[in-house]
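Dropping final_28.cif in here (mmCIF, C-alpha atoms):
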```
data_protein
#
loop_
_atom_site.label_atom_id
_atom_site.label_comp_id
_atom_site.auth_asym_id
_atom_site.auth_seq_id
_atom_site.Cartn_x
_atom_site.Cartn_y
_atom_site.Cartn_z
CA MET A 1 21.61 16.77 13.00
CA ILE A 2 19.73 13.44 12.98
CA ALA A 3 21.70 12.31 9.93
CA LEU A 4 25.05 13.18 11.53
CA ILE A 5 24.20 11.39 14.78
CA LEU A 6 23.11 8.23 12.95
CA ILE A 7 26.24 8.25 10.77
CA ALA A 8 28.41 8.69 13.89
CA ILE A 9 26.61 5.80 15.63
CA ASN A 10 27.10 3.54 12.59
CA CYS A 11 30.78 4.49 12.37
CA LEU A 12 31.36 3.65 16.03
CA GLY A 13 29.62 0.29 15.65
CA PHE A 14 31.54 -0.55 12.49
CA THR A 15 34.87 0.40 14.10
CA TYR A 16 34.07 -1.77 17.12
CA GLY A 17 33.18 -4.70 14.86
CA TRP A 18 36.35 -4.24 12.81
CA ILE A 19 38.53 -4.23 15.95
CA LEU A 20 36.86 -7.41 17.26
CA THR A 21 37.21 -9.14 13.90
CA GLU A 22 40.89 -8.31 13.43
CA ARG A 23 41.63 -9.21 17.06
CA GLN A 24 39.96 -12.58 16.65
CA LEU A 25 41.76 -13.37 13.38
CA ARG A 26 45.13 -12.65 15.01
CA SER A 27 44.52 -14.57 18.23
CA GLU A 28 44.99 -18.32 18.27
CA ALA A 29 43.40 -18.40 21.73
CA LEU A 30 40.18 -16.76 20.46
CA LEU A 31 40.08 -18.86 17.30
CA SER A 32 40.36 -22.01 19.39
CA ARG A 33 37.29 -20.97 21.40
CA ARG A 34 35.04 -20.61 18.34
CA LEU A 35 31.72 -22.43 18.46
CA TYR A 36 32.01 -23.79 14.92
CA GLN A 37 35.39 -24.45 13.36
CA GLN A 38 34.81 -24.15 9.62
CA PRO A 39 37.57 -23.30 7.14
CA ASN A 40 36.55 -19.79 6.07
CA MET A 41 38.73 -17.69 8.37
CA ASN A 42 41.24 -17.08 5.57
CA THR A 43 38.62 -15.68 3.20
CA PHE A 44 37.80 -12.56 5.25
CA ASP A 45 39.97 -10.28 3.06
CA LYS A 46 37.85 -11.30 0.06
CA ARG A 47 34.68 -10.34 1.98
CA LYS A 48 35.92 -6.88 2.97
CA PRO A 49 34.85 -4.98 -0.21
CA LEU A 50 31.21 -6.03 0.12
CA ILE A 51 31.24 -5.40 3.89
CA ILE A 52 32.65 -1.89 3.46
CA GLY A 53 30.25 -1.12 0.61
CA ASN A 54 27.26 -2.21 2.69
CA PHE A 55 28.48 -0.13 5.63
CA ILE A 56 28.65 2.99 3.47
CA GLY A 57 25.23 2.22 2.00
CA THR A 58 23.77 1.71 5.47
CA CYS A 59 25.03 5.11 6.61
CA ILE A 60 23.62 6.87 3.56
CA VAL A 61 20.21 5.18 3.68
CA ALA A 62 19.84 5.61 7.45
CA ALA A 63 20.78 9.28 7.29
CA LEU A 64 18.42 10.01 4.39
CA ALA A 65 15.52 7.96 5.76
CA PHE A 66 15.55 9.41 9.24
CA SER A 67 16.24 12.96 8.05
CA ILE A 68 13.02 12.62 6.05
CA PHE A 69 11.33 11.11 9.10
CA GLY A 70 12.48 14.11 11.11
CA PHE A 71 10.48 16.37 8.81
CA MET A 72 7.47 14.06 8.57
CA PHE A 73 7.21 12.99 12.20
CA SER A 74 7.60 14.74 15.51
CA LEU A 75 10.84 13.69 17.23
CA SER A 76 10.49 14.63 20.87
CA THR A 77 13.07 14.98 23.64
CA ASP A 78 10.49 16.02 26.26
CA PHE A 79 9.13 12.78 27.68
CA PRO A 80 8.63 10.78 30.89
CA PHE A 81 11.51 8.36 31.49
CA TRP A 82 9.34 5.22 31.24
CA GLU A 83 8.35 6.20 27.69
CA LEU A 84 11.96 5.89 26.53
CA GLY A 85 12.15 2.23 27.53
CA VAL A 86 8.74 1.39 26.11
CA GLN A 87 9.52 2.91 22.73
CA VAL A 88 12.87 1.13 22.51
CA LEU A 89 11.16 -2.19 23.26
CA VAL A 90 8.41 -1.53 20.69
CA ILE A 91 10.93 -0.76 17.93
CA MET A 92 12.97 -3.79 18.99
CA ALA A 93 9.98 -6.17 18.94
CA ILE A 94 8.60 -4.96 15.59
CA ASP A 95 12.02 -4.97 13.96
CA ASP A 96 12.68 -8.50 15.21
CA ALA A 97 9.30 -9.75 13.97
CA TRP A 98 10.02 -8.23 10.55
CA PHE A 99 13.51 -9.75 10.55
CA TYR A 100 12.16 -13.19 11.46
CA SER A 101 9.54 -13.06 8.67
CA CYS A 102 11.99 -11.88 6.00
CA HIS A 103 14.74 -14.23 7.12
CA ARG A 104 12.45 -17.26 7.10
CA MET A 105 11.13 -16.30 3.66
CA LEU A 106 14.69 -15.94 2.32
CA HIS A 107 15.36 -19.54 3.37
CA HIS A 108 12.07 -21.11 2.28
CA ASN A 109 11.91 -19.45 -1.14
CA ALA A 110 14.48 -21.17 -3.36
CA TRP A 111 14.83 -18.23 -5.77
CA LEU A 112 15.34 -15.67 -2.99
CA PHE A 113 17.86 -17.90 -1.23
CA LYS A 114 19.87 -18.53 -4.39
CA HIS A 115 19.96 -14.94 -5.64
CA ILE A 116 19.99 -12.99 -2.36
CA HIS A 117 20.51 -14.80 0.95
CA SER A 118 23.07 -17.36 -0.23
CA VAL A 119 25.70 -14.59 -0.22
CA HIS A 120 25.48 -14.30 3.57
CA HIS A 121 25.58 -18.07 3.97
CA ARG A 122 28.81 -18.47 2.07
CA VAL A 123 30.14 -17.96 5.59
CA ARG A 124 29.33 -21.01 7.70
CA SER A 125 31.31 -19.78 10.71
CA PRO A 126 30.87 -15.98 10.82
CA LEU A 127 33.13 -13.28 12.20
CA PRO A 128 31.76 -10.12 13.89
CA LEU A 129 31.73 -7.97 10.73
CA ASP A 130 29.98 -10.66 8.69
CA TYR A 131 26.66 -9.15 9.76
CA LEU A 132 27.34 -6.81 6.82
CA TYR A 133 28.39 -9.57 4.43
CA VAL A 134 25.05 -9.69 2.64
CA GLN A 135 23.62 -8.95 -0.78
CA PRO A 136 22.70 -5.21 -0.69
CA ALA A 137 19.02 -5.95 -1.31
CA GLU A 138 18.98 -7.97 1.91
CA TRP A 139 20.16 -5.24 4.26
CA MET A 140 17.80 -2.75 2.60
CA MET A 141 14.96 -5.22 3.19
CA GLY A 142 16.03 -5.66 6.81
CA ALA A 143 16.12 -1.91 7.46
CA ILE A 144 12.36 -1.69 6.86
CA GLY A 145 11.72 -3.24 10.28
CA ILE A 146 13.13 -0.19 12.10
CA LEU A 147 11.00 2.13 9.98
CA LEU A 148 7.90 0.07 10.78
CA GLY A 149 8.66 0.35 14.49
CA VAL A 150 9.03 4.13 14.28
CA VAL A 151 5.80 4.48 12.26
CA ALA A 152 3.90 2.32 14.77
CA ILE A 153 5.06 4.51 17.66
CA TYR A 154 4.14 7.69 15.78
CA LEU A 155 0.66 6.42 14.93
CA TYR A 156 -0.01 5.42 18.54
CA CYS A 157 1.77 8.20 20.46
CA GLY A 158 1.78 11.10 18.05
CA ASP A 159 5.53 11.59 18.42
CA VAL A 160 8.70 9.53 18.52
CA ASN A 161 11.26 9.74 21.28
CA ALA A 162 14.49 10.86 19.61
CA TYR A 163 16.59 9.18 22.29
CA ALA A 164 14.75 5.88 21.80
CA LEU A 165 15.66 6.04 18.12
CA PHE A 166 19.31 6.73 18.87
CA ILE A 167 19.53 4.01 21.54
CA TYR A 168 18.13 1.41 19.17
CA ALA A 169 20.43 2.65 16.39
CA MET A 170 23.32 1.84 18.75
CA PHE A 171 21.88 -1.46 19.97
CA ARG A 172 21.14 -2.99 16.58
CA PRO A 173 24.67 -3.11 15.08
CA LEU A 174 26.21 -4.06 18.43
CA HIS A 175 23.80 -6.97 18.77
CA GLU A 176 24.42 -8.08 15.17
CA ILE A 177 28.17 -7.95 15.76
CA HIS A 178 27.72 -10.03 18.90
CA ILE A 179 25.57 -12.78 17.36
CA HIS A 180 27.98 -13.09 14.42
CA SER A 181 31.06 -13.25 16.64
CA GLY A 182 31.27 -17.04 16.59
CA LEU A 183 32.39 -17.01 20.22
CA PRO A 184 30.51 -18.30 23.29
CA SER A 185 28.36 -15.64 24.93
CA LYS A 186 28.70 -15.02 28.66
CA ILE A 187 25.97 -12.37 28.97
CA THR A 188 23.18 -13.61 26.70
CA GLN A 189 23.55 -17.15 28.02
CA LYS A 190 22.01 -15.76 31.20
CA LEU A 191 19.24 -13.96 29.25
CA LYS A 192 17.25 -16.95 28.04
CA HIS A 193 14.95 -15.01 25.73
CA MET A 194 17.64 -12.97 23.96
CA GLY A 195 19.32 -13.97 20.73
CA SER A 196 22.93 -15.00 21.13
CA SER A 197 26.01 -16.12 19.22
CA GLU A 198 25.05 -19.71 20.04
CA HIS A 199 21.53 -19.17 18.66
CA HIS A 200 22.65 -17.54 15.42
CA GLY A 201 25.80 -19.64 15.08
CA ALA A 202 23.65 -22.78 14.96
CA HIS A 203 21.64 -21.19 12.14
CA HIS A 204 24.79 -20.60 10.08
CA ALA A 205 26.12 -24.07 10.76
CA LYS A 206 22.87 -25.88 9.88
CA LEU A 207 21.41 -23.46 7.29
CA LYS A 208 17.97 -23.62 8.85
CA GLY A 209 15.98 -22.60 11.93
CA ASN A 210 16.74 -19.87 14.50
CA TYR A 211 15.47 -17.18 12.13
CA ALA A 212 15.01 -14.43 14.74
CA SER A 213 17.79 -12.10 15.78
CA THR A 214 17.04 -10.12 18.94
CA PHE A 215 14.67 -12.51 20.73
CA LYS A 216 14.00 -16.26 20.64
CA TRP A 217 10.24 -16.01 21.20
CA LEU A 218 9.11 -16.35 17.60
CA ASP A 219 11.43 -19.29 16.94
CA ARG A 220 10.01 -21.09 19.95
CA PHE A 221 6.38 -20.17 19.24
CA LEU A 222 6.59 -21.10 15.54
CA LYS A 223 8.70 -24.20 16.23
CA THR A 224 11.79 -23.11 14.28
CA HIS A 225 14.08 -23.15 17.33
CA LEU A 226 17.08 -25.46 16.94
#
```

Whole structure given in structure tokens:
Amino acid sequence: MIALILIAINCLGFTYGWILTERQLRSEALLSRRLYQQPNMNTFDKRKPLIIGNFIGTCIVAALAFSIFGFMFSLSTDFPFWELGVQVLVIMAIDDAWFYSCHRMLHHNAWLFKHIHSVHHRVRSPLPLDYLYVQPAEWMMGAIGILLGVVAIYLYCGDVNAYALFIYAMFRPLHEIHIHSGLPSKITQKLKHMGSSEHHGAHHAKLKGNYASTFKWLDRFLKTHL
């Protein structure tokens, strides 16, 4: 059941990202509003095979990993309401800290950048689905952050809120689609501590800084904020 729910969540997120990408490519009005106007819009068809392959791989790995977690850990649906929010925030914070660390390392290590992360940065002005335009080793590395968050909750609480897991599984791809949209953000502009399309778009344009995804705290604290 866990595997099927996670696959369904990933499919919904991917479909949403695909619709937004195709809509943007076909709309002169949306293209004119893009934050960074670099000439890679016409290469999206060439990126599709890797994007689709990574999507399929993400579904398989997520389903297998959390099916195993379901046997190893206690996934509870009997919980006080406040616990749901706390567990979502814990997974979010740990995953973002892991992402920041890995992302910064991928930029500062010349070998890792050349052989792994440079694939993602072939796109200087990303489209929504370009969150999946990465070397497969990179998205597998990034997925570890979610697992670390779940393990931390289990070690502290003794069980993991199943709904917290599902909520974050929905949030993560939607947020990645948003920050790769290349369009100005109306909502996250008002949430000063949240990552946004402006925050991540500047990273793609300048190939440095703004290494976090969900929050801006670590970039500000470690002085990598652009």

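Coordinates place atom CA of Ile9 of chain A at a distance of 24.8 Å from atom CA of His103 of chain A.
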
**Message:** Need to verify the contact set: His199 of chain A, 10 Å, only C-alpha atoms, exclusion of same-chain residues closer than 3 positions in sequence. Can you return it as a VMD selection string?
**Reply:** chain A and resid 179 to 180 185 188 to 189 194 to 196 202 to 204 209 to 213 215 to 216 225 to 226

**Prompt:** Which polymer residues have any atom within 12 Å of an atom of segment 49-64 of chain A, counting all atoms listed in the file, with same-chain residues fewer than 3 positions away left out, as number ranges by chain?
**Reply:** A: 1-15, 17-18, 43-46, 67-71, 119-120, 127-144, 146-147, 165-166, 169, 173

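Atom to atom, atom CA of Leu155 of chain A and atom CA of Ser101 of chain A stand 22.3 Å apart.
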
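Comparing A:Ser197, A:Cys102, A:Ser32, A:Gly145 by their smallest distance to His178 of chain A, the closest is A:Ser197 (using all atoms listed in the file).
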
**Message:** Which residues are near Thr214 of chain A? Cut-off 9 Å, all atoms listed in the file, ignore same chain within fewer than 5 positions. Put them as a PyMOL selection string.
**Reply:** chain A and resi 92-93+95-96+172+175-176+193-196

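Counting only C-alpha atoms, the residue from A:His200, A:Lys186, A:Lys48, A:Arg124 that sits nearest to Tyr36 of chain A is A:Arg124.
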
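Distance-wise, atom CA of Asp219 of chain A and atom CA of Lys190 of chain A end up 18.1 Å apart.
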
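If only C-alpha atoms are the atoms counted, then among A:Ile94, A:His115, A:Phe81, A:Thr21 the closest residue to Leu148 of chain A is A:Ile94.
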
Around segment 49-58 of chain A, fit a box with edges along x, y and z, padding it by 5 Å on each side, then list its centre and edge lengths in Å to one decimal as AutoDock Vina command-line options.
```
--center_x 29.3 --center_y -1.5 --center_z 2.7 --size_x 21.1 --size_y 19.0 --size_z 15.8
```

**Request:** Can you work out which one of A:Ala65, A:Leu207, A:Leu31, A:Ala164 has the shortest atom-to-atom distance to Gln87 of chain A, counting only C-alpha atoms?
**Result:** A:Ala164

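Each of A:Leu35, A:Phe99, A:Glu22, A:Val160 was compared to Glu83 of chain A using all atoms listed in the file, and A:Val160 turns out to be the nearest.
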
**Item:** Residue nearest Trp82 of chain A among A:Leu191, A:Lys114, A:Asn161, A:Arg47 (counting all atoms listed in the file)
**Value:** A:Asn161
